[in-house]
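Shown next: start.tsv, given as TSV, C-alpha atoms.
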```tsv
chain	number	residue	atom	x	y	z
A	251	MET	CA	75.16	114.46	143.99
A	252	ARG	CA	75.30	112.07	146.94
A	253	VAL	CA	77.25	113.50	149.87
A	254	ALA	CA	77.94	112.51	153.48
A	255	VAL	CA	78.08	114.70	156.59
A	256	THR	CA	79.87	113.42	159.70
A	257	GLY	CA	78.24	114.93	162.76
A	258	GLY	CA	75.15	115.40	160.59
A	259	CYS	CA	72.76	115.31	163.55
A	260	GLY	CA	74.55	117.98	165.59
A	261	PHE	CA	74.12	121.74	165.80
A	262	ILE	CA	75.89	122.86	162.63
A	263	GLY	CA	75.85	119.49	160.89
A	264	SER	CA	72.07	119.19	160.95
A	265	HIS	CA	71.71	122.60	159.31
A	266	VAL	CA	74.28	121.58	156.69
A	267	VAL	CA	72.21	118.46	155.97
A	268	ASP	CA	69.07	120.60	155.67
A	269	ARG	CA	70.70	122.99	153.21
A	270	LEU	CA	72.24	120.23	151.08
A	271	LEU	CA	68.88	118.46	150.85
A	272	ALA	CA	67.15	121.72	149.92
A	273	ALA	CA	69.72	122.18	147.14
A	274	GLY	CA	68.70	118.79	145.67
A	275	HIS	CA	71.53	116.57	146.91
A	276	GLU	CA	71.21	113.10	148.41
A	277	VAL	CA	72.63	113.18	151.93
A	278	LEU	CA	73.98	110.57	154.33
A	279	ALA	CA	74.21	111.78	157.94
A	280	VAL	CA	76.98	109.91	159.80
A	281	ASP	CA	76.42	110.18	163.52
A	282	THR	CA	76.05	108.19	166.73
A	283	THR	CA	72.84	110.08	167.53
A	284	ASP	CA	69.70	110.96	165.59
A	285	ARG	CA	68.86	114.03	167.69
A	286	TYR	CA	68.41	116.49	164.81
A	287	LEU	CA	68.24	113.97	161.97
A	288	ASN	CA	66.39	115.23	158.90
A	289	PRO	CA	64.00	112.40	157.95
A	290	ALA	CA	64.81	112.99	154.27
A	291	ALA	CA	68.45	112.03	154.87
A	292	ASP	CA	69.91	108.55	155.16
A	293	HIS	CA	71.53	107.77	158.51
A	294	ALA	CA	74.66	105.75	159.26
A	295	HIS	CA	74.82	105.17	163.01
A	296	LEU	CA	78.55	104.66	163.51
A	297	ASP	CA	81.69	106.00	165.14
A	298	ILE	CA	84.04	107.91	162.84
A	299	LEU	CA	86.99	106.06	164.39
A	300	ASP	CA	85.64	102.78	162.95
A	301	LEU	CA	87.53	102.79	159.63
A	302	PRO	CA	85.95	99.66	158.05
A	303	ALA	CA	82.40	100.74	158.92
A	304	LEU	CA	82.96	104.32	157.79
A	305	THR	CA	84.59	103.22	154.53
A	306	SER	CA	81.65	100.94	153.80
A	307	ALA	CA	79.15	103.73	154.57
A	308	LEU	CA	80.92	106.20	152.27
A	309	HIS	CA	80.86	103.94	149.22
A	310	GLY	CA	78.62	105.51	146.60
A	311	THR	CA	79.10	109.08	147.87
A	312	GLU	CA	81.18	111.72	146.11
A	313	VAL	CA	82.04	114.21	148.86
A	314	VAL	CA	82.23	113.96	152.65
A	315	PHE	CA	81.78	116.99	154.89
A	316	HIS	CA	83.70	116.26	158.08
A	317	LEU	CA	82.10	118.13	161.00
A	318	ALA	CA	82.20	115.53	163.79
A	319	ALA	CA	84.40	116.76	166.61
A	320	VAL	CA	84.72	117.52	170.29
A	321	ALA	CA	83.77	121.17	169.86
A	322	ASP	CA	83.39	122.32	173.47
A	323	VAL	CA	86.71	123.74	174.67
A	324	GLU	CA	85.86	122.83	178.25
A	325	GLU	CA	85.41	119.17	177.24
A	326	VAL	CA	88.71	119.32	175.37
A	327	ALA	CA	90.52	120.64	178.44
A	328	ALA	CA	88.86	118.10	180.73
A	329	ASP	CA	89.76	115.07	178.59
A	330	PRO	CA	92.62	115.97	176.23
A	331	VAL	CA	93.40	112.39	175.20
A	332	ARG	CA	89.85	111.81	174.01
A	333	ALA	CA	89.85	115.19	172.23
A	334	VAL	CA	93.02	114.32	170.34
A	335	ARG	CA	91.63	110.91	169.44
A	336	VAL	CA	88.39	112.36	168.06
A	337	ASN	CA	89.60	115.61	166.51
A	338	ILE	CA	92.91	114.42	165.03
A	339	ASP	CA	92.69	110.64	164.72
A	340	GLY	CA	89.07	111.04	163.65
A	341	THR	CA	90.08	113.36	160.83
A	342	ALA	CA	92.74	110.90	159.67
A	343	THR	CA	90.15	108.10	159.70
A	344	VAL	CA	87.70	110.15	157.63
A	345	LEU	CA	90.42	111.02	155.11
A	346	GLU	CA	91.49	107.40	154.81
A	347	ALA	CA	87.90	106.16	154.49
A	348	ALA	CA	87.30	108.75	151.76
A	349	ARG	CA	90.45	107.58	149.96
A	350	GLN	CA	89.52	103.91	150.19
A	351	ALA	CA	85.92	104.60	149.11
A	352	GLY	CA	87.07	106.67	146.12
A	353	LEU	CA	85.48	109.99	147.09
A	354	SER	CA	86.40	113.06	145.08
A	355	ARG	CA	86.84	115.43	148.00
A	356	THR	CA	86.81	115.86	151.79
A	357	VAL	CA	85.49	119.15	153.20
A	358	LEU	CA	86.96	119.83	156.64
A	359	ALA	CA	85.25	121.96	159.28
A	360	SER	CA	87.92	124.10	160.92
A	361	THR	CA	87.65	127.33	162.90
A	362	VAL	CA	88.73	130.96	162.91
A	363	TRP	CA	90.34	130.16	166.26
A	364	VAL	CA	93.38	129.01	164.24
A	365	TYR	CA	94.08	132.67	163.44
A	366	GLY	CA	95.18	133.03	167.04
A	367	ALA	CA	98.33	131.17	165.95
A	368	ALA	CA	99.23	133.81	163.37
A	369	GLN	CA	102.87	134.90	163.62
A	370	THR	CA	101.89	138.55	163.61
A	371	ASP	CA	98.75	140.63	163.82
A	372	PRO	CA	98.39	142.93	160.77
A	373	GLY	CA	97.21	145.71	163.07
A	374	PRO	CA	94.51	148.32	162.45
A	375	ASP	CA	96.39	150.00	159.61
A	376	ARG	CA	97.52	146.91	157.72
A	377	GLY	CA	94.28	145.17	156.84
A	378	GLU	CA	92.97	141.78	157.83
A	379	LEU	CA	94.45	138.30	158.10
A	380	ASP	CA	93.62	136.11	155.12
A	381	GLU	CA	93.78	132.35	154.59
A	382	HIS	CA	97.55	132.37	153.99
A	383	PHE	CA	98.71	133.66	157.35
A	384	PRO	CA	101.98	132.11	158.62
A	385	VAL	CA	101.56	129.91	161.69
A	386	ASP	CA	103.63	130.27	164.85
A	387	LEU	CA	103.33	126.95	166.71
A	388	GLU	CA	104.29	128.65	169.97
A	389	ARG	CA	101.06	130.65	169.69
A	390	SER	CA	98.75	127.70	168.98
A	391	GLY	CA	97.35	128.08	172.48
A	392	HIS	CA	94.41	125.89	173.45
A	393	LEU	CA	94.47	122.18	172.62
A	394	TYR	CA	91.30	122.65	170.58
A	395	VAL	CA	93.18	125.03	168.27
A	396	ALA	CA	96.14	122.67	168.04
A	397	GLY	CA	93.77	119.90	167.00
A	398	LYS	CA	92.26	122.00	164.22
A	399	LEU	CA	95.70	123.04	162.96
A	400	ALA	CA	96.72	119.38	162.93
A	401	ALA	CA	93.54	118.43	161.05
A	402	GLU	CA	94.25	121.08	158.41
A	403	MET	CA	97.79	119.75	158.04
A	404	LEU	CA	96.40	116.25	157.52
A	405	VAL	CA	94.19	117.26	154.59
A	406	HIS	CA	97.17	118.93	152.92
A	407	SER	CA	99.30	115.84	153.50
A	408	TYR	CA	96.63	113.58	151.98
A	409	ARG	CA	96.56	115.87	148.95
A	410	GLU	CA	100.35	115.68	148.58
A	411	LEU	CA	100.72	111.95	149.22
A	412	TYR	CA	97.58	110.50	147.66
A	413	GLY	CA	96.12	113.22	145.43
A	414	GLN	CA	93.03	113.46	147.65
A	415	HIS	CA	91.26	116.77	147.08
A	416	PHE	CA	90.01	118.90	149.98
A	417	THR	CA	88.29	122.08	151.03
A	418	VAL	CA	88.85	123.68	154.45
A	419	LEU	CA	86.07	125.83	155.92
A	420	ARG	CA	87.16	127.92	158.90
A	421	TYR	CA	83.96	128.69	160.77
A	422	GLY	CA	83.30	131.99	162.42
A	423	ILE	CA	81.61	131.82	165.82
A	424	PRO	CA	78.27	130.13	165.05
A	425	TYR	CA	74.94	130.71	166.80
A	426	GLY	CA	71.29	129.93	166.14
A	427	PRO	CA	68.69	127.18	166.55
A	428	ARG	CA	69.98	123.84	167.91
A	429	MET	CA	73.14	125.33	169.40
A	430	ARG	CA	74.49	123.87	172.62
A	431	ASP	CA	73.09	125.36	175.81
A	432	GLU	CA	76.65	126.15	176.95
A	433	LEU	CA	77.26	128.67	174.15
A	434	VAL	CA	77.16	132.30	175.17
A	435	VAL	CA	74.03	133.43	173.29
A	436	ALA	CA	72.09	130.40	174.55
A	437	ARG	CA	73.27	130.96	178.12
A	438	PHE	CA	72.22	134.60	178.08
A	439	VAL	CA	68.79	133.76	176.62
A	440	ARG	CA	68.17	131.03	179.21
A	441	ALA	CA	69.20	133.37	182.01
A	442	ALA	CA	66.80	136.07	180.79
A	443	LEU	CA	63.92	133.61	180.39
A	444	GLY	CA	64.64	132.24	183.86
A	445	HIS	CA	64.69	135.76	185.37
A	446	ARG	CA	68.33	135.28	186.43
A	447	PRO	CA	71.21	137.74	186.00
A	448	ILE	CA	73.28	137.54	182.81
A	449	THR	CA	76.88	136.83	183.83
A	450	ILE	CA	79.72	138.20	181.72
A	451	ALA	CA	83.30	136.91	182.12
A	452	GLY	CA	85.61	139.92	182.11
A	453	ASP	CA	84.63	143.44	181.13
A	454	GLY	CA	82.44	142.40	178.20
A	455	ARG	CA	84.43	144.33	175.62
A	456	GLN	CA	85.85	141.17	174.00
A	457	THR	CA	84.34	140.73	170.54
A	458	ARG	CA	83.46	137.90	168.19
A	459	ASN	CA	82.30	137.97	164.59
A	460	PHE	CA	79.24	135.78	164.99
A	461	VAL	CA	77.81	134.00	161.96
A	462	TYR	CA	74.22	132.74	161.91
A	463	VAL	CA	74.17	128.96	161.54
A	464	GLU	CA	71.88	128.85	158.48
A	465	ASP	CA	74.16	131.31	156.68
A	466	LEU	CA	77.10	129.10	157.64
A	467	ALA	CA	75.29	126.04	156.31
A	468	ASP	CA	74.68	127.79	152.98
A	469	ALA	CA	78.45	128.03	152.50
A	470	HIS	CA	78.66	124.23	152.38
A	471	VAL	CA	76.44	124.10	149.32
A	472	HIS	CA	78.68	126.70	147.67
A	473	ALA	CA	81.73	124.67	148.72
A	474	LEU	CA	80.74	121.89	146.30
A	475	SER	CA	81.76	124.23	143.47
A	476	PRO	CA	84.92	123.28	141.55
A	477	ALA	CA	86.30	126.68	142.59
A	478	ALA	CA	86.49	125.40	146.19
A	479	GLN	CA	88.71	122.41	145.41
A	480	ASP	CA	92.00	122.45	147.35
A	481	GLN	CA	91.14	125.84	148.84
A	482	THR	CA	90.71	127.23	152.35
A	483	PHE	CA	87.98	129.72	153.24
A	484	ALA	CA	87.34	131.85	156.30
A	485	LEU	CA	83.58	131.96	156.91
A	486	GLU	CA	83.74	134.94	159.20
A	487	GLY	CA	80.72	136.83	160.45
A	488	PRO	CA	80.10	140.30	159.01
A	489	THR	CA	80.32	142.46	162.15
A	490	ALA	CA	82.19	142.28	165.44
A	491	VAL	CA	79.80	141.93	168.37
A	492	SER	CA	81.00	142.42	171.94
A	493	VAL	CA	79.84	140.18	174.76
A	494	ARG	CA	78.20	143.24	176.30
A	495	GLN	CA	76.31	143.81	173.04
A	496	ILE	CA	75.05	140.23	173.20
A	497	ALA	CA	73.67	140.92	176.67
A	498	ASP	CA	72.15	144.19	175.48
A	499	THR	CA	70.50	142.42	172.53
A	500	VAL	CA	68.97	139.82	174.83
A	501	ASP	CA	67.87	142.61	177.17
A	502	HIS	CA	66.17	144.38	174.25
A	503	LEU	CA	64.36	141.20	173.14
A	504	LEU	CA	63.52	139.69	176.53
A	505	GLY	CA	64.36	142.27	179.19
A	506	PRO	CA	64.71	143.90	181.47
A	507	VAL	CA	67.64	141.82	182.72
A	508	THR	CA	70.39	142.29	185.31
A	509	ILE	CA	74.00	142.04	184.10
A	510	GLU	CA	76.84	140.91	186.37
A	511	HIS	CA	80.58	140.64	185.69
A	512	THR	CA	82.93	137.85	186.83
A	513	GLN	CA	86.62	137.03	186.35
A	514	ALA	CA	87.73	136.60	182.71
A	515	ARG	CA	88.05	133.03	181.42
A	516	THR	CA	91.35	131.45	180.49
A	517	ALA	CA	91.78	130.23	176.88
A	518	ASP	CA	89.02	132.51	175.68
A	519	TYR	CA	89.03	133.30	171.98
A	520	THR	CA	90.95	136.47	171.18
A	521	SER	CA	89.36	138.11	168.19
A	522	ARG	CA	91.57	138.89	165.18
A	523	ARG	CA	90.70	140.88	162.08
A	524	ILE	CA	89.94	138.18	159.53
A	525	SER	CA	89.03	138.56	155.88
A	526	ALA	CA	86.16	136.59	154.34
A	527	ALA	CA	86.83	138.13	150.93
A	528	ARG	CA	87.94	134.87	149.34
A	529	ALA	CA	84.64	133.14	150.19
A	530	LYS	CA	82.77	136.04	148.61
A	531	ARG	CA	85.01	136.13	145.53
A	532	LEU	CA	85.29	132.42	144.75
A	533	LEU	CA	82.09	131.02	146.26
A	534	GLY	CA	79.74	133.98	146.09
A	535	TRP	CA	79.05	133.56	149.82
A	536	THR	CA	78.32	136.30	152.32
A	537	PRO	CA	76.31	136.12	155.56
A	538	GLN	CA	72.79	137.48	155.21
A	539	THR	CA	71.39	137.49	158.75
A	540	GLY	CA	71.94	140.36	161.16
A	541	PHE	CA	72.88	139.49	164.73
A	542	ALA	CA	69.71	140.73	166.43
A	543	GLU	CA	67.55	138.93	163.88
A	544	GLY	CA	69.53	135.71	164.40
A	545	VAL	CA	69.08	135.94	168.17
A	546	ARG	CA	65.34	136.52	167.70
A	547	ARG	CA	65.12	133.38	165.54
A	548	TYR	CA	66.99	131.40	168.17
A	549	ILE	CA	64.60	132.62	170.88
A	550	ASP	CA	61.59	131.62	168.75
A	551	TRP	CA	63.09	128.15	168.22
A	552	HIS	CA	64.00	127.78	171.89
A	553	LEU	CA	60.49	128.71	173.06
A	554	ALA	CA	58.85	126.38	170.54
A	555	ARG	CA	60.93	123.25	171.19
A	556	PRO	CA	59.78	120.57	173.59
A	557	ASP	CA	61.76	120.10	176.79
A	558	PRO	CA	64.78	118.08	175.60
A	559	GLY	CA	65.54	116.69	179.06
A	560	PRO	CA	69.10	115.88	180.12
A	561	GLY	CA	69.90	114.17	176.81
A	562	PRO	CA	72.07	111.11	176.17
A	563	THR	CA	75.61	110.75	177.50
A	564	PRO	CA	78.10	111.49	174.69
A	565	PRO	CA	79.75	108.34	173.31
A	566	THR	CA	83.39	107.55	173.96
A	567	GLY	CA	84.41	107.84	170.33
A	568	ARG	CA	83.12	111.23	169.24
A	569	THR	CA	80.57	113.97	169.62
A	570	THR	CA	78.64	115.94	167.05
A	571	ARG	CA	79.17	119.49	165.94
```
Can you dump the structure from the file as structure tokens?
Amino acid sequence: MRVAVTGGCGFIGSHVVDRLLAAGHEVLAVDTTDRYLNPAADHAHLDILDLPALTSALHGTEVVFHLAAVADVEEVAADPVRAVRVNIDGTATVLEAARQAGLSRTVLASTVWVYGAAQTDPGPDRGELDEHFPVDLERSGHLYVAGKLAAEMLVHSYRELYGQHFTVLRYGIPYGPRMRDELVVARFVRAALGHRPITIAGDGRQTRNFVYVEDLADAHVHALSPAAQDQTFALEGPTAVSVRQIADTVDHLLGPVTIEHTQARTADYTSRRISAARAKRLLGWTPQTGFAEGVRRYIDWHLARPDPGPGPTPPTGRTTR
């Protein structure tokens, strides 16, 4: 099958391209950079907001995985108009290009952050939130979350209006090789390697269910199954890991390190109990990589890579994921 991946040269997108190629698919990476381009993939160097160019590039493909987004919440807060243009208008452009090019399905990258907009928390005695939680718009919180909720609504609207099939993949908190230096695991590793203190915002008890990026990428191959059509899946990590546990893991692998605490961040992700049972039941997907092992693999990759330098300035139209 020939498939396209927007943001296919970014952190998650490049791993998705790798996994799709390994599974025997032909892959087109749509991106304005070639930073992590797999040489076995075709490359369309274009902006996802360019509808004619994107439509032309998608001709001949069957499925598009839409990962391109402004994914850094700090960037979203700093330039909300651009974030809306990329994350919402960009999704509409991809859906329309897929419709005009006759693709069979669009697979949207969403996030478990949307569960923060759940009307109620099931609580410790009432199980986990699944993919059908009711949304309370007053709890949508950060603009990044609002953009993802809007993107999910768009794929449903395209299904209702035009019969365009979709799959929504709500990512757990990803980590691993190629991740942005700003992400918490990367920051802690760089601090330890630089013999600087690890700084924790708040008391460090806040938790996230991290999912190793190669495990996350595997889910995209499974998502090509007919069972995934017009379905939403939470790709949640297997075990809650506190920020303090991240620091302790880095200390164990690279220590000793000093740990310091600062004021808690605003708009930080509040962990909810989320079920990944549907992905296991319908797709046969479960994460395979333990957290400490994933951090070790990231450290090995980080130490082996050449100095990337400051890198290019992100384009006006979009960034990669």
Counting all atoms listed in the file, which of A:Pro289, A:Gly544, A:Gly413, A:Gly534 gets nearest to Asp480 (chain A)?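 The shortest atom-to-atom distance to Asp480 (chain A) comes from A:Gly413.
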For region 263-268 of chain A, please output as number ranges by chain all residues within 7 Å (counting all atoms listed in the file; exclusion window: fewer than 4 positions along the same chain). A: 255, 257-259, 272, 277, 286-288, 317, 464, 467, 470, 571
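Between Tyr548 (chain A) and the residues A:Pro506, A:Pro447, A:Pro424, A:Pro488, the shortest atom-to-atom distance, using only C-alpha atoms, involves A:Pro424.
Here the question is which of A:Ala400, A:Val491, A:Leu308, A:Ala451 gets nearest to Glu346 (chain A) using all atoms listed in the file, and that residue is A:Leu308.
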Hey, what's within 10 Å of Val471 (chain A) if we count only C-alpha atoms and toss same-chain stuff fewer than 6 positions away? As a PDB file with C-alpha atoms, in the coordinates of the input, please?
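As written to disk, around_15.pdb reads:
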```
ATOM      1  CA  VAL A 266      74.280 121.580 156.690  1.00  0.00           C
ATOM      2  CA  VAL A 267      72.210 118.460 155.970  1.00  0.00           C
ATOM      3  CA  ARG A 269      70.700 122.990 153.210  1.00  0.00           C
ATOM      4  CA  LEU A 270      72.240 120.230 151.080  1.00  0.00           C
ATOM      5  CA  LEU A 271      68.880 118.460 150.850  1.00  0.00           C
ATOM      6  CA  ALA A 272      67.150 121.720 149.920  1.00  0.00           C
ATOM      7  CA  ALA A 273      69.720 122.180 147.140  1.00  0.00           C
ATOM      8  CA  HIS A 275      71.530 116.570 146.910  1.00  0.00           C
ATOM      9  CA  LEU A 533      82.090 131.020 146.260  1.00  0.00           C
ATOM     10  CA  TRP A 535      79.050 133.560 149.820  1.00  0.00           C
TER      11      TRP A 535
END
```
If we count all atoms listed in the file and set the cut-off at 8 Å, which residues sit around Ala351 (chain A), ignoring sequence neighbours fewer than 5 positions away in its own chain? Please answer as a short mmCIF file (atom, residue, chain, number, x, y, z; two decimals) with C-alpha atoms, in the coordinates of the input.
```cif
data_model
loop_
_atom_site.label_atom_id
_atom_site.label_comp_id
_atom_site.auth_asym_id
_atom_site.auth_seq_id
_atom_site.Cartn_x
_atom_site.Cartn_y
_atom_site.Cartn_z
CA THR A 305 84.59 103.22 154.53
CA SER A 306 81.65 100.94 153.80
CA LEU A 308 80.92 106.20 152.27
CA HIS A 309 80.86 103.94 149.22
CA GLY A 310 78.62 105.51 146.60
#
```
Surrounding residues of Gly454 (chain A) excluding itself and chain neighbours under 6 positions, 9 Å, only C-alpha atoms, as a count of residues only: 5
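For the point (99.5, 122.3, 167.1), the residues with an atom at a distance of at most 12 Å are Val334, Asn337, Ile338, Val364, Gly366, Ala367, Val385, Asp386, Leu387, Glu388, Arg389, Ser390, Gly391, His392, Leu393, Tyr394, Val395, Ala396, Gly397, Lys398, Leu399, Ala400, Ala401, Glu402, Met403 and Leu404 of chain A, counting all atoms listed in the file.
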Between A:Leu278, A:Ala342, A:Val500, A:Ala333, which residue has the minimum interatomic distance to Leu299 (chain A), considering only C-alpha atoms?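 Nearest to Leu299 (chain A): A:Ala342.
Of the residues under consideration (A:His445, A:His472, A:Arg458, A:His382), A:Arg458 shows the shortest atom-to-atom contact distance to Ile496 (chain A) when counting all atoms listed in the file.
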Between CA of Thr361 (chain A) and CA of Ile298 (chain A) - distance in Å to one decimal: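 A separation of 19.8 Å between them.
Remark: for Gln481 (chain A), the closest of the candidate residues A:Trp363, A:Phe261, A:Phe416, A:Tyr408 is A:Phe416 (distances computed over all atoms listed in the file).
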Find the smallest box with edges along x, y and z containing every listed atom of region 542-555 of chain A, then add 3 Å on each side and report centre and edge lengths in Å to one decimal, as JSON.
```
{"center_x": 64.3, "center_y": 132.0, "center_z": 168.5, "size_x": 16.9, "size_y": 23.5, "size_z": 15.2}
```
Provide the CA of Gly422 (chain A) to CA of Val314 (chain A) distance in Å, to one decimal place.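 One can read the CA of Gly422 (chain A) to CA of Val314 (chain A) distance as 20.5 Å.
One finds CA of Ile423 (chain A) at 23.5 Å from CA of Arg335 (chain A).
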Atoms added to region 389-412 of chain A (N, CA and C atoms), reported as a PDB file, keeping the file's coordinate frame:
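Written file, result.pdb:
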```pdb
ATOM      1  N   ARG A 389     102.256 129.875 169.385  1.00  0.00           N
ATOM      2  CA  ARG A 389     101.060 130.650 169.690  1.00  0.00           C
ATOM      3  C   ARG A 389      99.784 129.842 169.439  1.00  0.00           C
ATOM      4  N   SER A 390      99.927 128.513 169.283  1.00  0.00           N
ATOM      5  CA  SER A 390      98.750 127.700 168.980  1.00  0.00           C
ATOM      6  C   SER A 390      97.761 127.655 170.136  1.00  0.00           C
ATOM      7  N   GLY A 391      98.244 127.879 171.351  1.00  0.00           N
ATOM      8  CA  GLY A 391      97.350 128.080 172.480  1.00  0.00           C
ATOM      9  C   GLY A 391      96.586 126.832 172.889  1.00  0.00           C
ATOM     10  N   HIS A 392      95.270 126.938 172.935  1.00  0.00           N
ATOM     11  CA  HIS A 392      94.410 125.890 173.450  1.00  0.00           C
ATOM     12  C   HIS A 392      94.547 124.610 172.633  1.00  0.00           C
ATOM     13  N   LEU A 393      94.383 123.473 173.286  1.00  0.00           N
ATOM     14  CA  LEU A 393      94.470 122.180 172.620  1.00  0.00           C
ATOM     15  C   LEU A 393      93.444 122.042 171.500  1.00  0.00           C
ATOM     16  N   TYR A 394      92.306 122.679 171.651  1.00  0.00           N
ATOM     17  CA  TYR A 394      91.300 122.650 170.580  1.00  0.00           C
ATOM     18  C   TYR A 394      91.869 123.257 169.297  1.00  0.00           C
ATOM     19  N   VAL A 395      92.576 124.382 169.440  1.00  0.00           N
ATOM     20  CA  VAL A 395      93.180 125.030 168.270  1.00  0.00           C
ATOM     21  C   VAL A 395      94.269 124.152 167.680  1.00  0.00           C
ATOM     22  N   ALA A 396      95.090 123.565 168.531  1.00  0.00           N
ATOM     23  CA  ALA A 396      96.140 122.670 168.040  1.00  0.00           C
ATOM     24  C   ALA A 396      95.544 121.511 167.248  1.00  0.00           C
ATOM     25  N   GLY A 397      94.415 120.987 167.710  1.00  0.00           N
ATOM     26  CA  GLY A 397      93.770 119.900 167.000  1.00  0.00           C
ATOM     27  C   GLY A 397      93.275 120.315 165.625  1.00  0.00           C
ATOM     28  N   LYS A 398      92.739 121.521 165.525  1.00  0.00           N
ATOM     29  CA  LYS A 398      92.260 122.000 164.220  1.00  0.00           C
ATOM     30  C   LYS A 398      93.433 122.279 163.274  1.00  0.00           C
ATOM     31  N   LEU A 399      94.518 122.842 163.806  1.00  0.00           N
ATOM     32  CA  LEU A 399      95.700 123.040 162.960  1.00  0.00           C
ATOM     33  C   LEU A 399      96.229 121.699 162.461  1.00  0.00           C
ATOM     34  N   ALA A 400      96.258 120.704 163.341  1.00  0.00           N
ATOM     35  CA  ALA A 400      96.720 119.380 162.930  1.00  0.00           C
ATOM     36  C   ALA A 400      95.800 118.777 161.875  1.00  0.00           C
ATOM     37  N   ALA A 401      94.484 118.958 162.033  1.00  0.00           N
ATOM     38  CA  ALA A 401      93.540 118.430 161.050  1.00  0.00           C
ATOM     39  C   ALA A 401      93.745 119.087 159.690  1.00  0.00           C
ATOM     40  N   GLU A 402      93.979 120.400 159.677  1.00  0.00           N
ATOM     41  CA  GLU A 402      94.250 121.080 158.410  1.00  0.00           C
ATOM     42  C   GLU A 402      95.529 120.553 157.769  1.00  0.00           C
ATOM     43  N   MET A 403      96.542 120.303 158.573  1.00  0.00           N
ATOM     44  CA  MET A 403      97.790 119.750 158.040  1.00  0.00           C
ATOM     45  C   MET A 403      97.553 118.373 157.430  1.00  0.00           C
ATOM     46  N   LEU A 404      96.686 117.583 158.043  1.00  0.00           N
ATOM     47  CA  LEU A 404      96.400 116.250 157.520  1.00  0.00           C
ATOM     48  C   LEU A 404      95.760 116.307 156.133  1.00  0.00           C
ATOM     49  N   VAL A 405      94.826 117.220 155.913  1.00  0.00           N
ATOM     50  CA  VAL A 405      94.190 117.260 154.590  1.00  0.00           C
ATOM     51  C   VAL A 405      95.200 117.673 153.520  1.00  0.00           C
ATOM     52  N   HIS A 406      96.126 118.564 153.878  1.00  0.00           N
ATOM     53  CA  HIS A 406      97.170 118.930 152.920  1.00  0.00           C
ATOM     54  C   HIS A 406      98.103 117.755 152.648  1.00  0.00           C
ATOM     55  N   SER A 407      98.420 116.999 153.685  1.00  0.00           N
ATOM     56  CA  SER A 407      99.300 115.840 153.500  1.00  0.00           C
ATOM     57  C   SER A 407      98.640 114.775 152.633  1.00  0.00           C
ATOM     58  N   TYR A 408      97.341 114.547 152.812  1.00  0.00           N
ATOM     59  CA  TYR A 408      96.630 113.580 151.980  1.00  0.00           C
ATOM     60  C   TYR A 408      96.573 114.044 150.521  1.00  0.00           C
ATOM     61  N   ARG A 409      96.522 115.346 150.321  1.00  0.00           N
ATOM     62  CA  ARG A 409      96.560 115.870 148.950  1.00  0.00           C
ATOM     63  C   ARG A 409      97.934 115.608 148.330  1.00  0.00           C
ATOM     64  N   GLU A 410      98.998 115.841 149.102  1.00  0.00           N
ATOM     65  CA  GLU A 410     100.350 115.680 148.580  1.00  0.00           C
ATOM     66  C   GLU A 410     100.701 114.206 148.356  1.00  0.00           C
ATOM     67  N   LEU A 411     100.320 113.356 149.299  1.00  0.00           N
ATOM     68  CA  LEU A 411     100.720 111.950 149.220  1.00  0.00           C
ATOM     69  C   LEU A 411      99.840 111.122 148.301  1.00  0.00           C
ATOM     70  N   TYR A 412      98.527 111.389 148.341  1.00  0.00           N
ATOM     71  CA  TYR A 412      97.580 110.500 147.660  1.00  0.00           C
ATOM     72  C   TYR A 412      96.742 111.195 146.590  1.00  0.00           C
TER      73      TYR A 412
END
```
